[in-house]
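Colleague: Compact mmCIF, C-alpha atoms, saved as start36.txt, coming up:
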# COMPACT_ATOMS: atom_id res chain seq x y z
CA MET A 25 54.00 180.80 83.89
CA ALA A 26 56.70 178.20 84.51
CA TRP A 27 59.99 178.60 82.79
CA ASN A 28 59.70 175.26 81.06
CA GLU A 29 56.20 175.76 79.58
CA PRO A 30 55.91 175.72 75.77
CA GLY A 31 56.27 179.12 74.16
CA ASN A 32 58.06 180.63 77.07
CA ASN A 33 61.38 181.12 75.35
CA ASP A 34 62.17 184.23 77.25
CA ASN A 35 62.72 182.30 80.48
CA ASP A 36 64.43 179.34 78.81
CA PRO A 37 68.08 179.41 79.76
CA TRP A 38 68.86 177.01 76.93
CA ASN A 39 67.34 179.22 74.23
CA THR A 40 70.32 180.71 72.59
CA ASP A 41 68.60 182.31 69.58
CA LYS A 42 68.35 185.68 71.19
CA ASN A 43 71.94 185.47 72.26
CA ARG A 44 73.23 184.88 68.79
CA ASN A 45 74.09 187.58 66.27
CA SER A 46 73.46 187.47 62.63
CA ASN A 47 76.69 185.61 62.02
CA GLY A 48 75.54 182.78 64.32
CA GLY A 49 78.03 183.58 67.06
CA ARG A 50 77.69 184.95 70.55
CA ASP A 51 78.47 188.61 70.44
CA LYS A 52 76.72 189.76 73.56
CA GLU A 53 75.72 188.49 76.93
CA PRO A 54 72.16 187.34 77.56
CA ASP A 55 69.66 189.84 78.72
CA LYS A 56 69.54 190.34 82.41
CA GLU A 57 66.13 188.86 82.84
CA PRO A 58 64.94 186.76 85.69
CA ASN A 59 66.11 183.22 85.21
CA ASN A 60 64.33 180.64 87.30
CA ASP A 61 66.13 177.65 85.71
CA PRO A 62 67.46 175.42 88.52
CA TRP A 63 69.76 173.73 85.96
CA GLY A 64 71.49 176.87 84.90
CA ARG A 65 75.00 177.81 85.81
CA GLN A 66 75.81 180.05 88.70
CA GLY A 67 74.89 183.61 87.94
CA GLN A 68 72.11 182.75 85.47
CA ASN A 69 69.34 182.17 87.99
CA ASN A 70 67.82 184.82 90.10
CA GLY A 71 68.47 183.63 93.58
CA GLY A 72 66.61 180.36 93.06
CA LYS A 73 63.15 181.83 92.86
CA ASP A 74 60.31 179.94 91.17
CA GLN A 75 62.27 176.59 90.97
CA SER A 76 59.80 174.11 89.50
CA PRO A 77 60.72 170.54 88.54
CA PRO A 78 61.94 170.33 84.93
CA ASP A 79 60.33 168.21 82.28
CA LEU A 80 61.97 164.77 82.32
CA ASP A 81 62.00 164.22 78.55
CA GLU A 82 63.55 167.58 77.86
CA ALA A 83 66.10 167.13 80.64
CA PHE A 84 67.08 163.69 79.21
CA ASN A 85 67.49 165.19 75.73
CA LYS A 86 69.66 167.96 77.11
CA LEU A 87 71.76 165.41 79.00
CA MET A 88 72.29 163.49 75.78
CA GLY A 89 73.32 166.74 74.14
CA MET A 90 75.83 167.31 76.91
CA LEU A 91 77.32 163.83 76.37
CA GLY A 92 77.78 164.67 72.66
CA VAL A 93 79.40 167.98 73.29
CA ASN A 94 82.88 166.55 72.56
CA LYS A 95 81.88 165.86 68.95
CA LYS A 96 81.20 169.60 68.39
CA ARG A 97 84.08 171.07 70.28
CA ASN A 98 86.32 171.15 67.19
CA GLY A 99 83.70 173.04 65.13
CA GLY A 100 82.72 175.58 67.72
CA SER A 101 80.75 175.85 70.86
CA GLY A 102 77.97 173.32 71.28
CA SER A 103 74.36 174.33 71.18
CA ASN A 104 73.32 172.18 74.16
CA GLY A 105 75.91 173.18 76.70
CA GLY A 106 79.07 175.06 77.43
CA PRO A 107 82.68 173.92 77.68
CA GLY A 108 82.51 173.79 81.46
CA MET A 109 79.94 171.01 81.45
CA GLY A 110 82.08 168.84 79.12
CA GLY A 111 85.14 169.27 81.35
CA LYS A 112 83.27 168.17 84.42
CA LEU A 113 81.88 165.14 82.59
CA GLY A 114 85.33 164.13 81.30
CA GLY A 115 86.84 164.44 84.77
CA GLY A 116 84.11 162.20 86.22
CA LEU A 117 84.76 159.50 83.65
CA VAL A 118 88.48 159.58 84.36
CA GLY A 119 87.79 159.21 88.06
CA ILE A 120 85.53 156.22 87.45
CA VAL A 121 88.19 154.61 85.29
CA VAL A 122 90.84 155.24 87.94
CA VAL A 123 88.66 153.77 90.68
CA GLY A 124 87.93 150.71 88.54
CA LEU A 125 91.59 150.16 87.79
CA PHE A 126 92.45 150.49 91.46
CA ALA A 127 89.75 147.97 92.42
CA LEU A 128 91.03 145.54 89.79
CA TRP A 129 94.59 146.01 91.03
CA ALA A 130 93.53 145.38 94.63
CA ALA A 131 91.50 142.30 93.66
CA THR A 132 94.49 140.69 91.93
CA GLY A 133 96.39 140.77 95.25
CA ILE A 134 94.06 138.27 96.95
CA TYR A 135 95.37 134.68 97.04
CA GLN A 136 94.98 131.50 99.08
CA VAL A 137 97.63 129.17 100.49
CA ASP A 138 96.59 125.50 100.83
CA GLN A 139 97.01 123.48 103.99
CA GLN A 140 100.06 121.59 102.71
CA GLU A 141 101.72 124.75 101.38
CA ARG A 142 103.66 127.72 102.73
CA GLY A 143 103.94 131.07 100.96
CA VAL A 144 107.26 132.92 100.63
CA VAL A 145 106.58 136.65 100.15
CA LEU A 146 109.14 138.91 98.45
CA ARG A 147 108.62 142.67 98.60
CA LEU A 148 110.44 144.49 95.82
CA GLY A 149 112.67 141.42 95.43
CA LYS A 150 113.60 141.17 99.13
CA PHE A 151 112.32 138.56 101.57
CA HIS A 152 109.39 139.90 103.56
CA GLU A 153 107.68 136.98 105.36
CA THR A 154 106.51 133.37 105.18
CA VAL A 155 102.74 133.05 105.30
CA MET A 156 100.84 130.08 106.68
CA PRO A 157 97.81 128.37 105.10
CA GLY A 158 94.75 130.55 104.62
CA LEU A 159 93.47 133.56 102.65
CA HIS A 160 95.96 136.44 102.28
CA TRP A 161 96.41 139.73 100.44
CA ASN A 162 99.57 141.36 99.18
CA PRO A 163 99.90 144.39 96.92
CA PRO A 164 100.39 143.22 93.33
CA LEU A 165 103.48 144.33 91.38
CA ILE A 166 105.07 145.11 94.75
CA ASP A 167 104.97 141.72 96.45
CA SER A 168 105.49 138.35 94.79
CA VAL A 169 104.37 135.11 96.44
CA THR A 170 105.90 131.67 95.83
CA ARG A 171 103.88 128.73 97.13
CA VAL A 172 105.90 125.74 98.34
CA ASN A 173 104.48 122.31 99.21
CA VAL A 174 106.13 121.25 102.48
CA THR A 175 104.30 117.94 103.05
CA LYS A 176 104.93 116.20 99.74
CA VAL A 177 107.60 113.48 99.90
CA ARG A 178 109.77 113.64 96.81
CA SER A 179 112.11 110.96 95.49
CA HIS A 180 115.43 111.01 93.67
CA ASP A 181 117.06 107.92 92.14
CA HIS A 182 120.76 107.60 91.44
CA LYS A 183 122.75 104.73 89.92
CA ALA A 184 126.42 104.63 88.97
CA LEU A 185 129.61 102.51 88.87
CA MET A 186 131.88 103.14 91.84
CA LEU A 187 135.24 101.99 93.20
CA THR A 188 135.46 100.25 96.59
CA VAL A 189 138.28 100.36 99.12
CA ASP A 190 139.65 97.02 97.86
CA GLU A 191 139.85 98.44 94.30
CA ALA A 192 136.82 96.61 92.97
CA ILE A 193 134.15 98.13 90.74
CA VAL A 194 130.51 97.78 91.80
CA GLU A 195 127.26 99.21 90.49
CA VAL A 196 125.19 100.85 93.21
CA GLY A 197 121.67 102.23 92.89
CA VAL A 198 120.00 104.25 95.66
CA SER A 199 116.65 105.98 96.12
CA VAL A 200 116.52 109.13 98.27
CA GLN A 201 113.23 110.36 99.77
CA TYR A 202 113.14 113.98 100.91
CA SER A 203 110.81 116.87 101.68
CA ILE A 204 111.04 120.66 102.05
CA ASP A 205 111.80 121.65 105.63
CA ASN A 206 112.55 125.40 105.23
CA PRO A 207 110.58 127.15 102.42
CA ARG A 208 112.62 130.34 102.65
CA ASP A 209 115.95 128.56 102.14
CA PHE A 210 114.47 126.40 99.40
CA VAL A 211 113.31 129.45 97.42
CA LEU A 212 116.09 131.95 98.07
CA ASN A 213 119.39 130.29 99.01
CA VAL A 214 119.97 127.96 96.06
CA ARG A 215 118.89 128.49 92.48
CA ALA A 216 118.30 124.76 91.77
CA PRO A 217 117.98 122.87 95.09
CA GLU A 218 117.13 119.53 93.47
CA ASP A 219 120.19 119.69 91.22
CA SER A 220 122.30 120.36 94.29
CA LEU A 221 120.66 117.36 95.95
CA ALA A 222 121.57 115.11 93.02
CA GLN A 223 125.20 116.18 93.18
CA ALA A 224 125.28 115.73 96.96
CA VAL A 225 123.83 112.21 96.61
CA GLU A 226 126.55 111.16 94.20
CA SER A 227 129.28 112.71 96.33
CA SER A 228 128.16 111.09 99.59
CA LEU A 229 127.54 107.73 97.93
CA ARG A 230 130.99 107.65 96.33
CA HIS A 231 132.61 108.60 99.63
CA VAL A 232 130.88 105.81 101.58
CA VAL A 233 131.39 103.16 98.88
CA GLY A 234 135.03 104.17 98.56
CA THR A 235 135.61 103.35 102.24
CA THR A 236 133.78 99.98 102.20
CA GLU A 237 134.83 96.57 100.95
CA MET A 238 133.09 94.97 98.03
CA ASP A 239 131.84 91.96 100.00
CA GLN A 240 130.10 94.18 102.50
CA ILE A 241 128.38 96.15 99.75
CA LEU A 242 127.21 93.09 97.83
CA THR A 243 126.04 91.04 100.83
CA GLU A 244 125.01 92.11 104.32
CA GLY A 245 126.37 95.68 104.40
CA ARG A 246 123.49 97.42 102.61
CA GLU A 247 121.77 98.72 105.74
CA VAL A 248 124.99 100.17 107.09
CA LEU A 249 125.70 101.71 103.69
CA ALA A 250 122.27 103.38 103.57
CA ALA A 251 122.61 104.79 107.10
CA GLU A 252 126.04 106.29 106.40
CA VAL A 253 124.90 107.80 103.09
CA LYS A 254 121.87 109.41 104.75
CA GLU A 255 123.95 110.96 107.52
CA ARG A 256 126.57 112.36 105.14
CA LEU A 257 123.96 113.56 102.61
CA GLN A 258 122.02 115.49 105.27
CA SER A 259 125.25 117.14 106.36
CA TYR A 260 125.94 118.28 102.78
CA ILE A 261 122.40 119.58 102.33
CA ASN A 262 122.58 121.57 105.56
CA ASN A 263 125.86 123.14 104.48
CA TYR A 264 124.35 124.13 101.14
CA GLY A 265 121.33 125.71 102.85
CA THR A 266 118.79 124.20 100.45
CA GLY A 267 116.07 123.80 103.09
CA LEU A 268 115.60 120.07 102.32
CA LEU A 269 115.15 117.24 104.84
CA ILE A 270 116.30 113.71 103.96
CA SER A 271 113.72 111.25 105.32
CA LYS A 272 115.08 107.93 104.03
CA VAL A 273 117.78 106.42 101.83
CA ASN A 274 117.17 102.99 100.28
CA VAL A 275 119.89 100.93 98.59
CA GLU A 276 117.92 99.53 95.66
CA ASN A 277 120.61 97.52 93.91
CA THR A 278 124.24 96.53 94.42
CA GLN A 279 125.92 94.31 91.87
CA ALA A 280 129.13 93.81 89.99
CA PRO A 281 129.56 95.05 86.42
CA ASN A 282 127.85 92.99 83.75
CA GLN A 283 131.16 91.68 82.39
CA VAL A 284 131.98 89.82 85.62
CA GLN A 285 128.50 89.32 86.98
CA ALA A 286 128.58 85.51 86.50
CA ALA A 287 131.75 85.13 88.57
CA PHE A 288 130.36 87.30 91.33
CA ASP A 289 127.16 85.27 91.35
CA ASP A 290 129.20 82.09 91.89
CA VAL A 291 131.07 83.70 94.76
CA ILE A 292 127.88 84.88 96.39
CA LYS A 293 126.30 81.45 95.94
CA ALA A 294 129.32 79.76 97.55
CA LYS A 295 129.07 82.10 100.52
CA GLU A 296 125.39 81.40 100.84
CA ASP A 297 126.08 77.65 100.75
CA GLU A 298 128.73 78.09 103.42
CA GLN A 299 126.33 79.94 105.62
CA ARG A 300 123.62 77.33 105.02
CA VAL A 301 125.92 74.42 105.92
CA ARG A 302 127.07 76.27 109.01
CA ASN A 303 123.51 76.81 110.09
CA GLU A 304 122.71 73.12 109.53
CA ALA A 305 125.75 72.10 111.58
CA GLU A 306 124.72 74.41 114.39
CA SER A 307 121.20 73.02 114.25
CA TYR A 308 122.51 69.45 114.40
CA ALA A 309 124.80 70.34 117.31
CA ASN A 310 121.93 72.00 119.12
CA GLY A 311 119.95 68.77 118.74
CA ILE A 312 122.75 66.29 119.61
CA ILE A 313 124.32 68.03 122.57
CA PRO A 314 121.16 68.21 124.71
CA GLU A 315 120.37 64.57 123.86
CA ALA A 316 123.88 63.46 124.84
CA ARG A 317 123.67 65.47 128.02
CA GLY A 318 120.36 63.79 128.80
CA ARG A 319 121.78 60.32 128.25
CA ALA A 320 124.80 61.13 130.41
CA GLN A 321 122.53 62.40 133.15
CA ARG A 322 120.40 59.24 132.92
CA ILE A 323 123.47 56.96 133.14
CA ARG A 324 124.75 58.98 136.06
CA GLU A 325 121.45 58.64 137.86
CA GLU A 326 121.27 54.89 137.10
CA ALA A 327 124.79 54.41 138.47
CA GLU A 328 123.86 56.36 141.55
CA ALA A 329 120.78 54.17 142.01
CA TYR A 330 122.79 50.98 141.50
CA ARG A 331 125.37 52.13 144.01
CA SER A 332 122.67 52.93 146.53
CA GLU A 333 121.04 49.53 145.90
CA ILE A 334 124.31 47.58 146.33
CA VAL A 335 125.22 49.46 149.47
CA ALA A 336 121.76 48.98 150.90
CA ARG A 337 121.79 45.25 150.02
CA ALA A 338 125.23 44.77 151.54
CA GLN A 339 124.16 46.56 154.67
CA GLY A 340 121.03 44.40 154.81
CA GLN A 341 123.01 41.17 154.43
CA ALA A 342 125.45 42.28 157.08
CA ASP A 343 122.59 43.05 159.45
CA ARG A 344 120.99 39.67 158.64
CA PHE A 345 124.28 37.85 159.32
CA ASP A 346 124.60 39.60 162.65
CA ARG A 347 121.09 38.60 163.67
CA LEU A 348 121.65 35.05 162.37
CA TYR A 349 124.84 34.73 164.37
CA GLN A 350 123.02 35.80 167.48
CA GLU A 351 120.38 33.12 166.92
CA TYR A 352 123.08 30.52 166.14
CA ALA A 353 124.79 31.30 169.42
CA LYS A 354 121.56 30.60 171.26
CA ALA A 355 120.63 27.33 169.41
CA PRO A 356 123.36 26.07 167.10
CA GLU A 357 121.67 22.80 166.05
CA VAL A 358 118.35 24.34 165.23
CA THR A 359 119.97 27.19 163.36
CA ARG A 360 122.15 24.82 161.40
CA GLN A 361 119.16 22.72 160.42
CA ARG A 362 117.26 25.86 159.37
CA LEU A 363 120.11 27.08 157.22
CA TYR A 364 120.34 23.68 155.58
CA LEU A 365 116.65 23.69 154.79
CA GLU A 366 116.72 27.20 153.40
CA THR A 367 119.65 26.25 151.18
CA ILE A 368 117.87 23.13 149.92
CA GLU A 369 114.82 25.26 149.26
CA THR A 370 116.86 27.68 147.23
CA ILE A 371 118.43 24.85 145.20
CA TYR A 372 115.21 22.97 144.54
CA LYS A 373 113.29 26.10 143.75
CA GLY A 374 114.24 25.97 140.07
CA ALA A 375 114.45 22.19 139.69
CA ASN A 376 111.69 19.94 138.37
CA LYS A 377 113.39 16.55 138.95
CA VAL A 378 115.02 14.97 141.99
CA VAL A 379 116.95 11.66 141.84
CA VAL A 380 117.97 9.95 145.08
CA ASP A 381 120.72 7.29 144.81
CA SER A 382 121.73 4.85 147.53
CA LYS A 383 125.29 4.04 148.33
CA ASN A 384 124.98 0.26 148.87
CA GLY A 385 122.29 -0.67 146.43
CA ASN A 386 121.37 -0.29 142.81
CA ASN A 387 118.02 1.27 143.52
CA MET A 388 117.37 4.90 142.61
CA MET A 389 114.46 6.95 143.74
CA TYR A 390 112.89 9.48 141.32
CA LEU A 391 110.76 12.31 142.58
CA PRO A 392 108.75 14.08 139.80
CA LEU A 393 108.56 17.52 141.30
CA ASP A 394 106.90 18.99 138.22
CA GLN A 395 104.05 16.49 138.40
CA ILE A 396 103.60 17.11 142.09
CA MET A 397 103.51 20.83 141.47
CA LYS A 398 100.93 20.37 138.72
CA GLN A 399 98.75 18.37 141.02
CA ARG A 400 98.94 21.02 143.68
CA ALA A 401 98.29 23.65 141.06
CA SER A 402 95.06 21.95 140.00
CA SER A 403 93.80 22.20 143.55
CA SER A 404 94.78 25.82 144.01
CA ASP A 405 95.72 28.04 141.03
CA ALA A 406 96.40 30.94 143.27
CA ALA A 407 99.21 29.13 145.16
CA ARG A 408 100.96 27.73 142.09
CA ASN A 409 104.10 29.77 142.32
CA ASP A 410 103.86 30.74 145.92
CA SER A 411 106.89 30.15 148.11
CA SER A 412 104.72 28.45 150.77
CA SER A 413 103.78 25.66 148.32
CA ILE A 414 107.41 25.15 147.46
CA SER A 415 108.23 25.00 151.17
CA SER A 416 105.55 22.38 151.77
CA LEU A 417 106.81 20.39 148.82
CA THR A 418 110.32 20.61 150.18
CA ASP A 419 109.09 19.43 153.56
CA GLN A 420 107.49 16.41 151.96
CA VAL A 421 110.69 15.61 150.06
CA ILE A 422 112.77 15.98 153.20
CA ALA A 423 110.37 13.78 155.14
CA GLU A 424 110.56 11.11 152.47
CA ILE A 425 114.33 11.28 152.47
CA ARG A 426 114.49 10.97 156.24
CA ASN A 427 112.25 7.94 156.16
CA ARG A 428 114.54 6.30 153.66
CA GLN A 429 117.69 7.33 155.51
CA SER A 430 116.49 5.47 158.52
CA SER A 431 116.84 2.23 156.60
CA SER A 432 120.00 3.03 154.53
CA PRO A 433 122.27 6.04 153.93
CA VAL A 434 121.57 7.96 150.69
CA ARG A 435 123.23 10.61 148.53
CA GLU A 436 121.37 13.49 147.07
CA GLY A 437 121.94 14.75 143.61
CA ARG A 438 120.39 16.98 140.97
CA ASN A 439 120.34 16.96 137.17
Please render this file's structure as structure tokens.
Modeller:
Amino acid sequence: MAWNEPGNNDNDPWNTDKNRNSNGGRDKEPDKEPNNDPWGRQGQNNGGKDQSPPDLDEAFNKLMGMLGVNKKRNGGSGSNGGPGMGGKLGGGLVGIVVVGLFALWAATGIYQVDQQERGVVLRLGKFHETVMPGLHWNPPLIDSVTRVNVTKVRSHDHKALMLTVDEAIVEVGVSVQYSIDNPRDFVLNVRAPEDSLAQAVESSLRHVVGTTEMDQILTEGREVLAAEVKERLQSYINNYGTGLLISKVNVENTQAPNQVQAAFDDVIKAKEDEQRVRNEAESYANGIIPEARGRAQRIREEAEAYRSEIVARAQGQADRFDRLYQEYAKAPEVTRQRLYLETIETIYKGANKVVVDSKNGNNMMYLPLDQIMKQRASSSDAARNDSSSISSLTDQVIAEIRNRQSSSPVREGRN
């Protein structure tokens, strides 16, 4: 018969009735009978003989009795188990709790650093390392991580009244753009880096304004002012060790105090008018000077052309006179007659009337040259103003005069 069959209480290791005395306590050890219970403690079984599977319902009930053994420990020994079983169960629960707490502690050490951030790790309050973007783990309560955004461009505005080198008061407003260059220095070296930046901005700005004249600050000296302030401010920040990088300094506003702003506006307007008039004068000069130079060059070239023309004409007349003299030496009478005719042709070329008067008589001869020329023009329009027609007309006049000179001497005249 199996040890767990009904009615077999002799082989039941959990049957404690026979082990109890009349007072309900344990006054003697159990009988040394074969115990085939595989769930019994060491020394209660008999070498593990006849180990059949226990009944599941009864085993579950006994397990529940073991879990409730702590409720009966104050009143005596439990009926469903001994003190050794409760101790083992309590130790297991403590281990589970410890493992759970350790897992929770380890899980809280996992963190992620974004792409634009850097992580500054302190171990027991001392700098340990600077971690790059990604997933990291550090032991909690031992390491502390401070995430710093190194790509964000921050801005700081400052505006104040300041004294210039010429003892004038101006109001200057600047805007400083900066970013974090060294996360370790930003976190550890200075307690309030941005407050230190604000003080450094005011110090550098006052130093630069104090060495500059008011006119330069109010007019065209803003770019120079911003460059000098940036250079000096970066030097201060590096000396402080704040880990900041100044990217740009903009001079937003420069003006006189409100009490004298109207007078300063008039001064600035007068300077602007002066500059405008100067620019107009330069523009006018740039337009007049090239034009005058062009006219002078044209007159110079015209004079050069006139000189060349006169020289060439004089040389031509001299050459013509030389050739004429040579012909005159060969035939003086013919040459003289030719010169006379050419002269008469030149004289009568622009005349339209010829009057011939005789010395001994009262008769006058009138030659209507204009009418003759019109008649010839009607016959040939193409030869109206040609020199050949004038020559033929002159020949006719000369022939007529010669015919009349043969009878009486005449005198030529022209009106």
Colleague: As a PyMOL selection string, please: the residues near segment 139-145 of chain A (cut-off 10 Å, all atoms listed in the file, same-chain neighbours under 3 positions excluded).
Modeller: chain A and resi 136+148-158+160+162+167-176+206-212
Colleague: Can you write just those residues out, C-alpha atoms, as a PDB file, in the coordinates of the input?
Modeller:
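Result file follows (out_2.pdb):
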ATOM      1  CA  GLN A 136      94.980 131.500  99.080  1.00  0.00           C
ATOM      2  CA  LEU A 148     110.440 144.490  95.820  1.00  0.00           C
ATOM      3  CA  GLY A 149     112.670 141.420  95.430  1.00  0.00           C
ATOM      4  CA  LYS A 150     113.600 141.170  99.130  1.00  0.00           C
ATOM      5  CA  PHE A 151     112.320 138.560 101.570  1.00  0.00           C
ATOM      6  CA  HIS A 152     109.390 139.900 103.560  1.00  0.00           C
ATOM      7  CA  GLU A 153     107.680 136.980 105.360  1.00  0.00           C
ATOM      8  CA  THR A 154     106.510 133.370 105.180  1.00  0.00           C
ATOM      9  CA  VAL A 155     102.740 133.050 105.300  1.00  0.00           C
ATOM     10  CA  MET A 156     100.840 130.080 106.680  1.00  0.00           C
ATOM     11  CA  PRO A 157      97.810 128.370 105.100  1.00  0.00           C
ATOM     12  CA  GLY A 158      94.750 130.550 104.620  1.00  0.00           C
ATOM     13  CA  HIS A 160      95.960 136.440 102.280  1.00  0.00           C
ATOM     14  CA  ASN A 162      99.570 141.360  99.180  1.00  0.00           C
ATOM     15  CA  ASP A 167     104.970 141.720  96.450  1.00  0.00           C
ATOM     16  CA  SER A 168     105.490 138.350  94.790  1.00  0.00           C
ATOM     17  CA  VAL A 169     104.370 135.110  96.440  1.00  0.00           C
ATOM     18  CA  THR A 170     105.900 131.670  95.830  1.00  0.00           C
ATOM     19  CA  ARG A 171     103.880 128.730  97.130  1.00  0.00           C
ATOM     20  CA  VAL A 172     105.900 125.740  98.340  1.00  0.00           C
ATOM     21  CA  ASN A 173     104.480 122.310  99.210  1.00  0.00           C
ATOM     22  CA  VAL A 174     106.130 121.250 102.480  1.00  0.00           C
ATOM     23  CA  THR A 175     104.300 117.940 103.050  1.00  0.00           C
ATOM     24  CA  LYS A 176     104.930 116.200  99.740  1.00  0.00           C
ATOM     25  CA  ASN A 206     112.550 125.400 105.230  1.00  0.00           C
ATOM     26  CA  PRO A 207     110.580 127.150 102.420  1.00  0.00           C
ATOM     27  CA  ARG A 208     112.620 130.340 102.650  1.00  0.00           C
ATOM     28  CA  ASP A 209     115.950 128.560 102.140  1.00  0.00           C
ATOM     29  CA  PHE A 210     114.470 126.400  99.400  1.00  0.00           C
ATOM     30  CA  VAL A 211     113.310 129.450  97.420  1.00  0.00           C
ATOM     31  CA  LEU A 212     116.090 131.950  98.070  1.00  0.00           C
TER      32      LEU A 212
END
Colleague: Compile a residue-level contact table for segment 227-263 of chain A against segment 272-296 of chain A at a cut-off of 12 Å, reporting for every qualifying residue the shortest atom pair and its distance in Å to one decimal, with only C-alpha atoms counted, rows ordered by chain and ascending number, as a Markdown table.
Modeller:
| residue | atom | partner | partner_atom | distance |
| --- | --- | --- | --- | --- |
| A:Ser228 | CA | A:Val273 | CA | 11.6 |
| A:Leu229 | CA | A:Val275 | CA | 10.3 |
| A:Val233 | CA | A:Thr278 | CA | 10.7 |
| A:Met238 | CA | A:Ala280 | CA | 9.0 |
| A:Asp239 | CA | A:Ile292 | CA | 8.9 |
| A:Gln240 | CA | A:Thr278 | CA | 10.3 |
| A:Ile241 | CA | A:Thr278 | CA | 6.8 |
| A:Leu242 | CA | A:Thr278 | CA | 5.7 |
| A:Thr243 | CA | A:Ile292 | CA | 7.8 |
| A:Glu244 | CA | A:Thr278 | CA | 10.9 |
| A:Gly245 | CA | A:Val275 | CA | 10.2 |
| A:Arg246 | CA | A:Val275 | CA | 6.4 |
| A:Glu247 | CA | A:Val275 | CA | 7.7 |
| A:Val248 | CA | A:Val275 | CA | 9.9 |
| A:Leu249 | CA | A:Val275 | CA | 7.8 |
| A:Ala250 | CA | A:Val273 | CA | 5.7 |
| A:Ala251 | CA | A:Val273 | CA | 7.3 |
| A:Glu252 | CA | A:Val273 | CA | 9.4 |
| A:Val253 | CA | A:Val273 | CA | 7.4 |
| A:Lys254 | CA | A:Val273 | CA | 5.8 |
| A:Glu255 | CA | A:Val273 | CA | 9.5 |
| A:Arg256 | CA | A:Val273 | CA | 11.1 |
| A:Leu257 | CA | A:Val273 | CA | 9.5 |
| A:Gln258 | CA | A:Lys272 | CA | 10.3 |
Colleague: Please compute the atom CA of Glu333 of chain A-atom CA of Ala320 of chain A distance, one decimal, in Å.
Modeller: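 Taking atom CA of Glu333 of chain A and atom CA of Ala320 of chain A, their separation equals 19.7 Å.
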Colleague: Atom CA of Gln341 of chain A to atom CA of Gly374 of chain A: how many Å, to one decimal?
Modeller: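 That distance, rounded to one decimal, is 22.7 Å.
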Colleague: Just to confirm, what's the straight-line distance from atom CA of Phe126 of chain A to atom CA of Trp161 of chain A in Å (one decimal)?
Modeller: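 That distance, rounded to one decimal, is 14.6 Å.
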Colleague: Give as number ranges by chain every residue, naming chains and numbers as the document does, that has an atom within 9 Å of (127.2, 105.6, 90.0), counting only C-alpha atoms.
Modeller: A: 182-186, 194-197, 226, 229-230
